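A.B. asks: work16.txt (compact mmCIF, C-alpha atoms and all ligand atoms) pasted underneath:
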```txt
# COMPACT_ATOMS: atom_id res chain seq x y z
CA MET A 121 0.00 0.00 0.00
CA GLU A 122 1.01 3.56 -0.64
CA ASP A 123 1.55 4.38 3.02
CA GLY A 124 3.86 1.34 3.41
CA LEU A 125 1.45 -0.96 5.28
CA GLN A 126 1.26 -4.55 3.97
CA ASP A 127 -2.59 -4.39 4.01
CA GLU A 128 -5.57 -3.08 5.98
CA GLU A 129 -5.62 -6.20 8.16
CA PHE A 130 -3.14 -7.66 10.65
CA LEU A 131 -3.24 -11.10 12.22
CA GLU A 132 -3.53 -11.92 15.91
CA ASN A 133 -0.52 -13.52 17.69
CA SER A 134 1.81 -12.64 14.83
CA SER A 135 3.88 -9.88 16.43
CA LEU A 136 7.18 -9.81 18.18
CA THR A 137 9.68 -7.34 19.54
CA GLY A 138 13.32 -7.55 18.49
CA VAL A 139 16.32 -7.14 20.81
CA ASP A 140 16.95 -3.58 19.58
CA GLY A 141 13.29 -2.80 20.24
CA THR A 142 12.13 -3.12 16.65
CA MET A 143 8.48 -4.20 16.56
CA PHE A 144 7.17 -6.68 13.93
CA PHE A 145 3.51 -7.09 12.90
CA GLY A 146 2.36 -9.82 10.56
CA GLY A 147 -0.66 -9.68 8.27
CA THR A 148 -2.29 -11.40 5.32
CA ASN A 149 0.11 -9.77 2.85
CA GLY A 150 3.45 -9.87 4.70
CA PHE A 151 4.61 -7.89 7.69
CA ASN A 152 5.50 -4.38 8.80
CA LEU A 153 8.18 -3.31 11.20
CA PHE A 154 9.00 -0.10 12.95
CA HIS A 155 11.18 1.15 15.74
CA PRO A 156 9.16 3.08 18.31
CA TYR A 157 12.06 5.48 19.00
CA LYS A 158 12.43 6.33 15.34
CA ILE A 159 8.76 7.48 14.82
CA VAL A 160 8.49 11.28 14.35
CA ASP A 161 5.45 13.35 13.33
CA ASN A 162 5.37 15.02 9.90
CA PRO A 163 5.34 18.71 10.88
CA ILE A 164 4.74 20.28 7.41
CA PRO A 165 1.08 21.03 6.64
CA PRO A 166 -0.16 20.93 3.03
CA ILE A 167 -0.78 24.11 1.05
CA CYS A 168 -4.42 24.24 0.02
CA MET A 169 -5.47 25.51 -3.44
CA ILE A 170 -8.79 26.09 -5.20
CA THR A 171 -8.53 24.11 -8.38
CA GLY A 172 -11.88 24.18 -10.08
CA LEU A 173 -15.30 25.80 -10.39
CA ARG A 174 -18.41 24.09 -11.66
CA ILE A 175 -21.79 25.62 -12.30
CA PHE A 176 -24.69 23.19 -12.57
CA GLN A 177 -22.01 20.50 -12.36
CA LYS A 178 -20.31 21.78 -15.55
CA PRO A 179 -16.69 22.94 -15.28
CA VAL A 180 -16.15 26.66 -15.92
CA PHE A 181 -13.22 27.73 -18.10
CA PRO A 182 -11.73 31.20 -18.52
CA HIS A 183 -13.62 33.45 -20.96
CA GLN A 184 -16.49 30.98 -21.14
CA LYS A 185 -19.98 32.53 -21.00
CA ILE A 186 -22.31 30.84 -18.58
CA LEU A 187 -25.94 32.01 -18.87
CA GLY A 188 -24.77 35.14 -20.69
CA LYS A 189 -21.96 36.06 -18.29
CA THR A 190 -18.20 35.57 -18.36
CA ILE A 191 -17.20 34.43 -14.89
CA LEU A 192 -13.49 33.68 -15.18
CA THR A 193 -10.89 35.71 -17.05
CA LYS A 194 -7.98 33.53 -15.85
CA PRO A 195 -7.67 30.08 -14.23
CA ILE A 196 -9.61 29.73 -11.00
CA SER A 197 -6.38 29.03 -9.08
CA GLU A 198 -5.23 32.57 -9.94
CA THR A 199 -8.60 34.19 -9.39
CA ARG A 200 -9.29 36.05 -6.14
CA GLU A 201 -12.82 37.19 -6.76
CA ILE A 202 -15.75 36.06 -8.89
CA ILE A 203 -19.13 37.61 -9.57
CA LEU A 204 -22.16 35.34 -10.03
CA ASN A 205 -25.71 36.34 -10.54
CA TYR A 206 -28.85 34.76 -9.13
CA LYS A 207 -29.16 32.51 -12.20
CA HIS A 208 -25.93 30.68 -11.29
CA ASN A 209 -27.64 29.25 -8.27
CA VAL A 210 -25.88 25.90 -8.07
CA PHE A 211 -22.08 26.08 -7.99
CA THR A 212 -19.32 23.84 -6.78
CA ILE A 213 -15.77 24.79 -5.71
CA GLU A 214 -13.05 22.16 -6.05
CA PHE A 215 -9.87 22.26 -4.01
CA THR A 216 -6.79 20.21 -3.22
CA GLY A 217 -3.87 20.18 -0.75
CA LEU A 218 -0.33 20.32 -2.13
CA HIS A 219 1.39 17.72 0.04
CA PHE A 220 2.70 14.67 -1.60
CA GLU A 221 3.45 12.45 1.33
CA TYR A 222 0.29 10.35 1.64
CA PRO A 223 -1.97 13.04 0.04
CA GLU A 224 -4.93 10.66 0.34
CA LYS A 225 -4.63 11.04 4.11
CA ASN A 226 -5.00 14.83 3.95
CA LYS A 227 -7.94 16.39 5.77
CA TYR A 228 -9.78 19.48 4.66
CA ALA A 229 -11.94 22.10 6.30
CA TYR A 230 -13.91 24.77 4.44
CA MET A 231 -16.47 27.37 5.18
CA LEU A 232 -18.38 30.01 3.27
CA GLU A 233 -18.14 33.10 5.37
CA ASN A 234 -21.49 34.85 5.67
CA PHE A 235 -23.29 31.52 5.10
CA ASP A 236 -21.64 28.65 7.05
CA LYS A 237 -21.53 29.10 10.78
CA THR A 238 -18.72 26.56 11.34
CA TRP A 239 -15.99 24.84 9.41
CA GLN A 240 -17.13 21.89 7.32
CA TYR A 241 -14.73 18.94 7.41
CA THR A 242 -14.05 16.57 4.55
CA ASP A 243 -11.29 14.25 3.40
CA ALA A 244 -9.22 13.63 0.26
CA HIS A 245 -12.05 11.65 -1.30
CA ARG A 246 -14.40 14.61 -1.39
CA ARG A 247 -12.48 17.77 -2.17
CA GLU A 248 -15.34 20.05 -3.19
CA ALA A 249 -18.11 22.14 -1.74
CA THR A 250 -21.48 22.82 -3.38
CA TYR A 251 -23.77 25.75 -2.61
CA THR A 252 -27.24 26.39 -3.95
CA ASN A 253 -29.69 29.29 -3.93
CA LEU A 254 -27.59 31.81 -2.06
CA ASP A 255 -29.03 35.24 -1.36
CA GLY A 256 -27.41 38.23 -2.97
CA GLY A 257 -24.36 39.57 -1.17
CA LYS A 258 -20.63 39.14 -0.57
CA TYR A 259 -19.28 35.78 0.60
CA ILE A 260 -15.74 34.51 1.21
CA PHE A 261 -15.03 30.85 0.57
CA LYS A 262 -12.14 29.63 2.78
CA VAL A 263 -10.56 26.18 2.63
CA LYS A 264 -7.63 24.82 4.59
CA ALA A 265 -5.91 21.43 4.70
CA ALA A 266 -4.16 19.23 7.23
CA ASN A 267 -1.63 16.51 6.55
CA SER A 268 -2.04 12.91 7.54
CA ASP A 269 -0.66 13.77 10.97
CA GLY A 270 -3.39 16.38 11.52
CA VAL A 271 -1.17 19.41 11.11
CA TRP A 272 -3.42 22.20 9.75
CA ASN A 273 -2.15 24.94 7.52
CA PRO A 274 -3.22 28.11 9.33
CA VAL A 275 -3.50 30.06 6.07
CA PRO A 276 -6.59 29.09 4.12
CA ALA A 277 -7.06 29.55 0.40
CA GLU A 278 -9.77 32.17 -0.26
CA LEU A 279 -12.18 33.05 -3.02
CA ILE A 280 -14.40 36.12 -2.73
CA ILE A 281 -17.81 35.46 -4.26
CA HIS A 282 -20.30 38.20 -5.07
CA ILE A 283 -23.83 37.09 -5.75
CA ILE A 284 -25.94 39.61 -7.65
CA PRO A 285 -29.50 39.06 -6.50
CA PRO A 286 -32.46 39.23 -8.91
CA PHE A 287 -33.75 42.74 -9.28
CA THR A 288 -36.88 41.77 -7.41
CA LYS A 289 -34.71 40.99 -4.36
CA THR A 290 -32.61 44.15 -4.38
CA LEU A 291 -32.98 46.95 -1.88
CA LEU A 292 -33.63 49.31 -4.78
CA PHE A 293 -36.50 47.12 -5.90
CA LYS A 294 -37.92 47.01 -2.37
CA PHE A 295 -37.47 50.73 -2.10
CA ILE A 296 -39.25 51.24 -5.44
CA ILE A 297 -42.09 48.93 -4.39
CA LEU A 298 -42.42 50.71 -1.05
CA SER A 299 -42.34 54.06 -2.82
CA LEU A 300 -44.97 52.84 -5.26
CA ILE A 301 -47.17 51.63 -2.41
CA ILE A 302 -46.76 54.96 -0.63
CA LEU A 303 -47.42 56.77 -3.90
CA VAL A 304 -50.53 54.69 -4.58
CA VAL A 305 -51.84 55.27 -1.06
CA PHE A 306 -51.04 58.97 -1.35
CA LEU A 307 -52.68 59.15 -4.77
CA TYR A 308 -55.69 57.23 -3.47
CA PHE A 309 -56.23 59.68 -0.62
CA GLU A 310 -55.43 62.62 -2.87
CA ALA A 311 -57.92 61.34 -5.44
CA ARG A 312 -60.55 60.84 -2.76
CA LEU A 313 -59.90 64.32 -1.47
CA LEU A 314 -60.12 65.64 -5.01
CA ILE A 315 -63.34 63.74 -5.66
CA THR A 316 -64.81 64.94 -2.38
CA ARG A 317 -63.80 68.52 -3.20
CA ARG A 318 -65.20 68.20 -6.69
CA GLN A 319 -68.44 66.70 -5.37
CA LYS A 320 -68.68 69.47 -2.82
CA LYS A 321 -68.06 72.06 -5.52
CA LEU A 322 -70.59 70.36 -7.78
CA LEU A 323 -73.10 70.28 -4.95
CA GLN A 324 -72.46 73.95 -4.22
CA MET A 325 -72.91 74.71 -7.89
CA GLN A 326 -76.12 72.70 -8.01
CA VAL A 327 -77.38 74.46 -4.90
CA ALA A 328 -76.45 77.81 -6.41
CA VAL A 329 -78.20 76.95 -9.66
CA ARG A 330 -81.26 75.68 -7.80
CA THR A 331 -81.32 78.76 -5.57
CA LYS A 332 -81.03 80.98 -8.62
CA GLU A 333 -83.82 79.04 -10.30
CA ILE A 334 -86.03 79.32 -7.21
CA ARG A 335 -85.31 83.06 -6.98
CA ARG A 336 -86.09 83.42 -10.66
CA GLN A 337 -89.35 81.48 -10.24
CA ARG A 338 -90.25 83.55 -7.18
CA ASP A 339 -89.53 86.74 -9.10
CA GLU A 340 -91.57 85.40 -11.99
CA ILE A 341 -94.46 84.57 -9.70
CA LEU A 342 -94.26 88.01 -8.08
CA GLN A 343 -94.14 89.58 -11.51
CA GLN A 344 -97.08 87.48 -12.66
CA LYS A 345 -98.99 88.40 -9.52
CA GLU A 346 -98.26 92.06 -10.17
CA GLN A 347 -99.28 91.60 -13.78
CA ILE A 348 -102.49 89.86 -12.73
CA GLU A 349 -103.24 92.63 -10.25
CA GLN A 350 -102.51 95.17 -12.93
CA GLN A 351 -104.65 93.25 -15.38
CA SER A 352 -107.53 92.88 -12.93
CA HIS A 353 -107.27 96.59 -12.22
CA GLU A 354 -107.26 97.18 -15.96
CA ILE A 355 -110.24 94.82 -16.33
CA ARG A 356 -112.13 96.68 -13.64
CA ARG A 357 -111.29 99.96 -15.34
CA MET A 358 -112.29 98.50 -18.71
CA ASN A 359 -115.51 97.17 -17.19
CA GLU A 360 -116.35 100.59 -15.87
CA LEU A 361 -115.47 102.09 -19.21
CA LEU A 362 -117.56 99.44 -20.94
CA LYS A 363 -120.45 100.09 -18.60
CA LYS A 364 -120.26 103.80 -19.35
CA HIS A 365 -119.79 103.03 -23.00
CA ASN A 366 -122.74 100.63 -22.95
CA ILE A 367 -124.94 103.25 -21.41
CA LYS A 368 -123.80 105.69 -24.05
CA LEU A 369 -124.22 103.04 -26.70
CA SER A 370 -127.72 102.10 -25.59
CA GLU A 371 -128.60 105.78 -25.53
CA GLU A 372 -127.17 106.09 -28.99
CA LEU A 373 -129.02 102.98 -30.07
CA LYS A 374 -132.20 104.38 -28.65
CA GLY A 375 -131.54 107.57 -30.60
CA ILE A 376 -130.86 105.56 -33.71
CA SER A 377 -134.03 103.48 -33.35
CA GLU A 378 -136.06 106.60 -32.69
CA ALA A 379 -134.57 108.16 -35.76
CA ARG A 380 -135.40 105.00 -37.72
CA VAL A 381 -138.95 105.03 -36.50
CA MET A 382 -139.09 108.68 -37.41
CA GLN A 383 -137.66 107.88 -40.83
CA LYS A 384 -140.30 105.19 -41.32
CA LEU A 385 -143.07 107.44 -40.12
CA LEU A 386 -142.06 109.96 -42.72
CA ASP A 387 -142.91 107.42 -45.40
CA TYR A 388 -146.77 107.26 -45.60
CA ASN A 389 -146.92 103.54 -46.40
CA GLU A 390 -144.68 102.76 -43.46
CA PHE A 391 -146.71 105.18 -41.31
CA ARG A 392 -149.86 103.23 -42.16
CA LYS A 393 -148.28 100.12 -40.69
CA PHE A 394 -148.05 101.88 -37.30
CA PHE A 395 -151.27 103.78 -37.53
CA PRO A 396 -153.57 101.94 -39.97
CA ASN A 397 -156.83 103.54 -38.67
CA LYS A 398 -158.32 106.03 -36.22
CA ASP A 399 -158.41 103.49 -33.33
CA ALA A 400 -154.62 103.21 -33.45
CA CYS A 401 -154.43 107.00 -33.16
CA TYR A 402 -157.03 107.07 -30.36
CA LYS A 403 -155.03 104.42 -28.42
CA LEU A 404 -151.97 106.63 -28.62
CA LEU A 405 -153.94 109.66 -27.41
CA ALA A 406 -155.65 107.67 -24.65
CA ASN A 407 -152.27 106.52 -23.39
CA LEU A 408 -150.94 110.05 -23.41
CA LYS A 409 -153.98 111.56 -21.71
CA TRP A 410 -154.95 108.86 -19.25
CA GLY A 411 -151.86 106.66 -19.01
CA LYS A 412 -151.14 108.04 -15.51
CA GLY A 413 -154.74 108.22 -14.42
CA PHE A 414 -157.98 110.17 -15.00
CA THR A 415 -158.81 113.49 -13.46
CA CYS A 416 -162.15 115.19 -14.18
CA LYS A 417 -161.53 118.60 -15.68
CA LYS A 418 -164.70 119.99 -14.05
CA CYS A 419 -164.73 118.59 -10.51
CA GLY A 420 -161.27 117.09 -10.26
CA SER A 421 -162.63 113.64 -9.42
CA THR A 422 -160.55 110.64 -10.38
CA LYS A 423 -163.50 108.22 -10.52
CA TYR A 424 -164.81 107.42 -13.97
CA SER A 425 -166.68 104.89 -16.07
CA VAL A 426 -166.30 103.86 -19.72
CA ASP A 427 -169.76 103.81 -21.48
CA GLU A 428 -168.43 104.02 -25.07
CA PRO A 429 -164.92 103.48 -26.56
CA PHE A 430 -162.36 106.29 -25.99
CA VAL A 431 -164.81 108.33 -23.84
CA ARG A 432 -164.57 108.62 -20.05
CA ARG A 433 -167.45 109.79 -17.89
CA CYS A 434 -166.90 111.40 -14.46
CA LYS A 435 -168.81 109.41 -11.84
CA ILE A 436 -169.33 112.52 -9.73
CA CYS A 437 -170.47 115.20 -12.21
CA ASN A 438 -171.24 113.05 -15.23
CA TYR A 439 -168.91 115.12 -17.43
CA LYS A 440 -167.97 113.17 -20.59
CA GLU A 441 -164.47 113.59 -21.97
CA SER A 442 -163.58 112.34 -25.50
CA VAL A 443 -160.08 111.08 -26.28
CA THR A 444 -159.44 114.02 -28.64
CA ALA A 445 -160.46 116.64 -26.10
CA GLY A 446 -157.49 118.80 -25.20
CA THR A 447 -155.44 117.49 -28.11
CA ILE A 448 -154.46 119.16 -31.34
CA PHE A 449 -157.03 116.98 -33.08
CA HIS A 450 -160.04 118.48 -31.29
CA HIS A 451 -162.86 119.34 -33.76
CA LEU A 452 -160.96 117.72 -36.58
CA ARG A 453 -163.04 117.33 -39.81
CA PHE A 454 -160.94 114.73 -41.64
CA PRO A 455 -159.51 111.31 -40.63
CA ILE A 456 -157.31 111.60 -37.57
CA GLU A 457 -154.57 109.24 -39.00
CA LYS A 458 -154.06 111.66 -41.94
CA ALA A 459 -153.86 114.59 -39.53
CA LEU A 460 -151.28 112.68 -37.42
CA TYR A 461 -149.21 112.11 -40.58
CA ILE A 462 -149.29 115.84 -41.42
CA LEU A 463 -148.23 116.61 -37.81
CA ILE A 464 -145.29 114.22 -37.98
CA ILE A 465 -144.11 115.59 -41.35
CA THR A 466 -144.46 119.15 -40.06
CA SER A 467 -142.57 118.36 -36.80
CA THR A 468 -139.40 117.63 -38.79
CA GLY A 469 -139.27 121.28 -39.82
CA ARG A 470 -138.68 120.35 -43.43
CA THR A 471 -140.28 122.21 -46.30
CA ILE A 472 -143.54 120.52 -47.19
CA ASN A 473 -144.72 119.94 -50.76
CA ILE A 474 -148.47 120.48 -50.23
CA THR A 475 -149.43 119.23 -53.70
CA GLN A 476 -147.62 115.97 -53.22
CA LEU A 477 -148.96 115.64 -49.64
CA SER A 478 -152.53 116.22 -50.86
CA GLN A 479 -152.08 113.49 -53.51
CA THR A 480 -150.53 111.03 -51.03
CA LEU A 481 -153.30 111.55 -48.44
CA ASN A 482 -156.10 111.93 -50.96
CA LEU A 483 -157.11 115.20 -49.26
CA ARG A 484 -157.85 118.63 -50.59
CA MET A 485 -154.80 120.87 -50.68
CA LYS A 486 -156.51 123.49 -48.51
CA THR A 487 -157.27 120.95 -45.79
CA CYS A 488 -153.64 119.82 -45.76
CA TRP A 489 -152.39 123.40 -45.74
CA LEU A 490 -154.66 124.54 -42.86
CA PHE A 491 -153.70 121.66 -40.56
CA HIS A 492 -150.03 122.09 -41.43
CA LYS A 493 -150.37 125.78 -40.51
CA LYS A 494 -152.07 124.89 -37.23
CA VAL A 495 -149.25 122.53 -36.23
CA LYS A 496 -146.61 125.08 -37.24
CA LYS A 497 -148.31 127.78 -35.20
CA TYR A 498 -148.45 125.52 -32.16
CA MET A 499 -144.73 124.61 -32.62
CA ASN A 500 -143.85 128.31 -32.62
CA GLU A 501 -145.90 128.91 -29.47
CA ARG A 502 -144.13 126.05 -27.75
CA TYR A 503 -140.72 127.29 -28.92
CA LYS A 504 -141.40 130.75 -27.53
CA LYS A 505 -142.45 129.22 -24.22
CA HIS A 506 -139.81 126.44 -23.74
CA ARG A 507 -136.98 127.52 -26.08
CA ARG A 508 -136.40 123.91 -26.99
CA LYS A 509 -134.85 123.66 -30.43
CA LYS A 510 -135.96 120.17 -31.13
CA GLU A 511 -139.14 118.55 -29.90
CA SER A 512 -140.64 115.13 -30.47
CA TRP A 513 -143.87 115.01 -32.44
CA ILE A 514 -145.33 113.26 -29.37
CA ASP A 515 -144.99 116.54 -27.45
CA LEU A 516 -147.16 118.30 -30.00
CA LEU A 517 -150.20 116.04 -29.49
CA LEU A 518 -151.50 117.40 -26.19
CA MET A 519 -152.39 121.12 -26.11
CA GLU A 520 -150.91 122.74 -23.03
CA ASP A 521 -153.44 125.59 -22.68
CA SER A 522 -156.48 123.45 -23.31
CA GLY A 523 -157.32 122.78 -19.69
CA THR A 524 -161.02 123.30 -20.39
CA PRO A 525 -162.95 121.97 -23.34
CA LYS A 526 -164.35 124.43 -25.96
ZN ZN B 1 -166.68 115.78 -12.78
```
Could you spell out this file's structure in structure tokens?

C.D. replies:
Amino acid sequence: MEDGLQDEEFLENSSLTGVDGTMFFGGTNGFNLFHPYKIVDNPIPPICMITGLRIFQKPVFPHQKILGKTILTKPISETREIILNYKHNVFTIEFTGLHFEYPEKNKYAYMLENFDKTWQYTDAHRREATYTNLDGGKYIFKVKAANSDGVWNPVPAELIIHIIPPFTKTLLFKFIILSLIILVVFLYFEARLLITRRQKKLLQMQVAVRTKEIRRQRDEILQQKEQIEQQSHEIRRMNELLKKHNIKLSEELKGISEARVMQKLLDYNEFRKFFPNKDACYKLLANLKWGKGFTCKKCGSTKYSVDEPFVRRCKICNYKESVTAGTIFHHLRFPIEKALYILIITSTGRTINITQLSQTLNLRMKTCWLFHKKVKKYMNERYKKHRRKKESWIDLLLMEDSGTPK
């Protein structure tokens, strides 16, 4: 065997000590001897070196790009510092101890500063260390070796490893996220404040508009009320005016109808429709004379009896009064209706064509002329007495100074 032993096994009862103190041990493959006074410890520790780097179990060579990044620019044994990013999350560091006396008996201890709490021990059969899923940050890999006699080299080999975390795990990212959250919260409250302010403003505007509208309506109503009052006042005034006007109008109408009647009476044929015979004329006279009652011209009694038509007899003194008594027709010697026509014609004051009148009435011209003269004379008397410019023909029927019969 490399370390000089005959084999791993020795046999029982196959040892002896020589006279000089040399000790013999027999085994399955021969024997070994040593002199206890000649045994000395090997005092030289091995020098430890980092000899390889694997990522995802694949060896990394200088200038080789692993997942888009060059990790080594020179052999790993000459490299002091490497930079990995979060994608290189499984890596293995290989190391060895430079000591050639029984190197398979070398011991190793390693630790990743900032990750391992204590040294990790391993032997010559497993000279590597694997790390997975490290957080971002700076780490120092240290490895030291001891020789077969357990003499440790106090100076470890070192490799500084920087792990660049994913952006989502950086402080900057956390800061940005926090800032965003703060910003969102701030914006949320700001927006709410803005909305509230806007709503308040909108409400105020609505209230203002409504108030204005109500004021306008109130003003309108007041105005309408005023208008209505004014109108009702106007209506009252108009009504009064209308009333006055109506009175005037009815008076005018009365005047017009009287004038019409007068116009009709002036036409003999029309006249005959009103006064077709002497009874019609007598009725008119009777109304004029006795319409308000009978008074005896002799004794002043108001009691009377009617023995014959259009004659009234006093019940006290038996005086008989005819309907023509005291009228302009007293002692008339031609039909009373013709005389009434002449009176009406004469009362207009127009010039009379006696010839035409005589033909119309079928009367002698002299008869027409005399009665016309009589009416005219009476009109003059009345004018001198009353100074009335215009008189109705009705006024000419009753003689004022004929209190007593002739
Ligand atoms: Zn009498």

A.B. asks: Identify, counting only C-alpha atoms and all ligand atoms, the protein, DNA and RNA residues located within 10 Å of ligand ZN 1 (chain B), and give them as a list of chain:residue names.

C.D. replies: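 Counting only C-alpha atoms and all ligand atoms, the residues within 10 Å of ligand ZN 1 (chain B) come out as A:Thr415, A:Cys416, A:Lys417, A:Lys418, A:Cys419, A:Gly420, A:Ser421, A:Thr422, A:Lys423, A:Tyr424, A:Arg433, A:Cys434, A:Lys435, A:Ile436, A:Cys437, A:Asn438, A:Tyr439, A:Lys440, A:Glu441.
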
A.B. asks: Would you compute the distance between atom CA of A:Gln177 and atom CA of A:Thr250? Give it in Å to one decimal.

C.D. replies: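 Value for the atom CA of A:Gln177-atom CA of A:Thr250 distance: 9.3 Å.
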
A.B. asks: Can you list, as a ChimeraX atom specification, every protein, DNA or RNA residue that comes within 10 Å of stretch 144-153 of chain A when you count only C-alpha atoms, leaving out same-chain residues fewer than 5 positions away?

C.D. replies: /A:124-138

A.B. asks: Could you please determine the separation between atom CA of A:Thr212 and atom CA of A:Glu248 in Å, to one decimal place?

C.D. replies: 6.6 Å

A.B. asks: Rounded to one decimal in Å, what is the spacing between atom CA of A:Ile283 and atom CA of A:Leu204?

C.D. replies: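 So the two atoms, atom CA of A:Ile283 and atom CA of A:Leu204, lie 4.9 Å apart.
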
A.B. asks: For stretch 484-500 of chain A, list every protein, DNA or RNA residue within 7 Å, evaluated using all atoms listed in the file, and leave out those in the same chain fewer than 6 positions away; present the list as a PDB file with C-alpha atoms, keeping the file's coordinate frame.

C.D. replies:
```pdb
ATOM      1  CA  ILE A 462    -149.290 115.840 -41.420  1.00  0.00           C
ATOM      2  CA  LEU A 463    -148.230 116.610 -37.810  1.00  0.00           C
ATOM      3  CA  THR A 466    -144.460 119.150 -40.060  1.00  0.00           C
ATOM      4  CA  ILE A 474    -148.470 120.480 -50.230  1.00  0.00           C
ATOM      5  CA  THR A 475    -149.430 119.230 -53.700  1.00  0.00           C
ATOM      6  CA  SER A 478    -152.530 116.220 -50.860  1.00  0.00           C
TER       7      SER A 478
END
```

A.B. asks: With distances taken over only C-alpha atoms, which of A:Asn253, A:Thr242, A:Thr447, A:Gln319 is nearest to A:Ala459?

C.D. replies: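 The closest residue to A:Ala459 is A:Thr447.
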
A.B. asks: As a compact mmCIF listing (two decimals) with C-alpha atoms, in the frame of the given file, please: the residues near A:Val210 (cut-off 10 Å, all atoms listed in the file, same-chain neighbours under 4 positions excluded).

C.D. replies:
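In the end it all went to out-v5.txt:
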```txt
# COMPACT_ATOMS: atom_id res chain seq x y z
CA ARG A 174 -18.41 24.09 -11.66
CA ILE A 175 -21.79 25.62 -12.30
CA PHE A 176 -24.69 23.19 -12.57
CA GLN A 177 -22.01 20.50 -12.36
CA TYR A 206 -28.85 34.76 -9.13
CA THR A 250 -21.48 22.82 -3.38
CA TYR A 251 -23.77 25.75 -2.61
CA THR A 252 -27.24 26.39 -3.95
CA ASN A 253 -29.69 29.29 -3.93
CA LEU A 254 -27.59 31.81 -2.06
```

A.B. asks: Could you name the residues that touch stretch 224-234 of chain A at 9 Å or less, counting only C-alpha atoms, but leaving out those on the same chain fewer than 5 positions away, as a PDB file with C-alpha atoms, in the coordinates of the input?

C.D. replies:
```
ATOM      1  CA  PRO A 166      -0.160  20.930   3.030  1.00  0.00           C
ATOM      2  CA  CYS A 168      -4.420  24.240   0.020  1.00  0.00           C
ATOM      3  CA  THR A 216      -6.790  20.210  -3.220  1.00  0.00           C
ATOM      4  CA  GLY A 217      -3.870  20.180  -0.750  1.00  0.00           C
ATOM      5  CA  HIS A 219       1.390  17.720   0.040  1.00  0.00           C
ATOM      6  CA  TRP A 239     -15.990  24.840   9.410  1.00  0.00           C
ATOM      7  CA  GLN A 240     -17.130  21.890   7.320  1.00  0.00           C
ATOM      8  CA  TYR A 241     -14.730  18.940   7.410  1.00  0.00           C
ATOM      9  CA  THR A 242     -14.050  16.570   4.550  1.00  0.00           C
ATOM     10  CA  ASP A 243     -11.290  14.250   3.400  1.00  0.00           C
ATOM     11  CA  ALA A 244      -9.220  13.630   0.260  1.00  0.00           C
ATOM     12  CA  HIS A 245     -12.050  11.650  -1.300  1.00  0.00           C
ATOM     13  CA  ARG A 247     -12.480  17.770  -2.170  1.00  0.00           C
ATOM     14  CA  ALA A 249     -18.110  22.140  -1.740  1.00  0.00           C
ATOM     15  CA  GLY A 257     -24.360  39.570  -1.170  1.00  0.00           C
ATOM     16  CA  LYS A 258     -20.630  39.140  -0.570  1.00  0.00           C
ATOM     17  CA  TYR A 259     -19.280  35.780   0.600  1.00  0.00           C
ATOM     18  CA  ILE A 260     -15.740  34.510   1.210  1.00  0.00           C
ATOM     19  CA  PHE A 261     -15.030  30.850   0.570  1.00  0.00           C
ATOM     20  CA  LYS A 262     -12.140  29.630   2.780  1.00  0.00           C
ATOM     21  CA  VAL A 263     -10.560  26.180   2.630  1.00  0.00           C
ATOM     22  CA  LYS A 264      -7.630  24.820   4.590  1.00  0.00           C
ATOM     23  CA  ALA A 265      -5.910  21.430   4.700  1.00  0.00           C
ATOM     24  CA  ALA A 266      -4.160  19.230   7.230  1.00  0.00           C
ATOM     25  CA  ASN A 267      -1.630  16.510   6.550  1.00  0.00           C
ATOM     26  CA  SER A 268      -2.040  12.910   7.540  1.00  0.00           C
ATOM     27  CA  ASP A 269      -0.660  13.770  10.970  1.00  0.00           C
ATOM     28  CA  GLY A 270      -3.390  16.380  11.520  1.00  0.00           C
ATOM     29  CA  TRP A 272      -3.420  22.200   9.750  1.00  0.00           C
ATOM     30  CA  PRO A 276      -6.590  29.090   4.120  1.00  0.00           C
TER      31      PRO A 276
END
```

A.B. asks: Using all atoms listed in the file, give me every residue within 6 Å of (-18.2, 33.6, -9.1) in file coordinates, as a PyMOL selection string.

C.D. replies: chain A and resi 191+202-204+281

A.B. asks: Residues of stretch 306-412 of chain A that have any atom at most 12 Å from an atom of stretch 287-302 of chain A: could you tabulate them with the shortest-distance atom pair and the distance in Å to one decimal, using only C-alpha atoms, ordered by chain and increasing number, as a Markdown table?

C.D. replies:
```
| residue | atom | partner | partner_atom | distance |
| --- | --- | --- | --- | --- |
| A:Phe306 | CA | A:Ile302 | CA | 5.9 |
| A:Leu307 | CA | A:Ile302 | CA | 8.4 |
| A:Tyr308 | CA | A:Ile302 | CA | 9.6 |
| A:Phe309 | CA | A:Ile302 | CA | 10.6 |
| A:Glu310 | CA | A:Ile302 | CA | 11.8 |
```
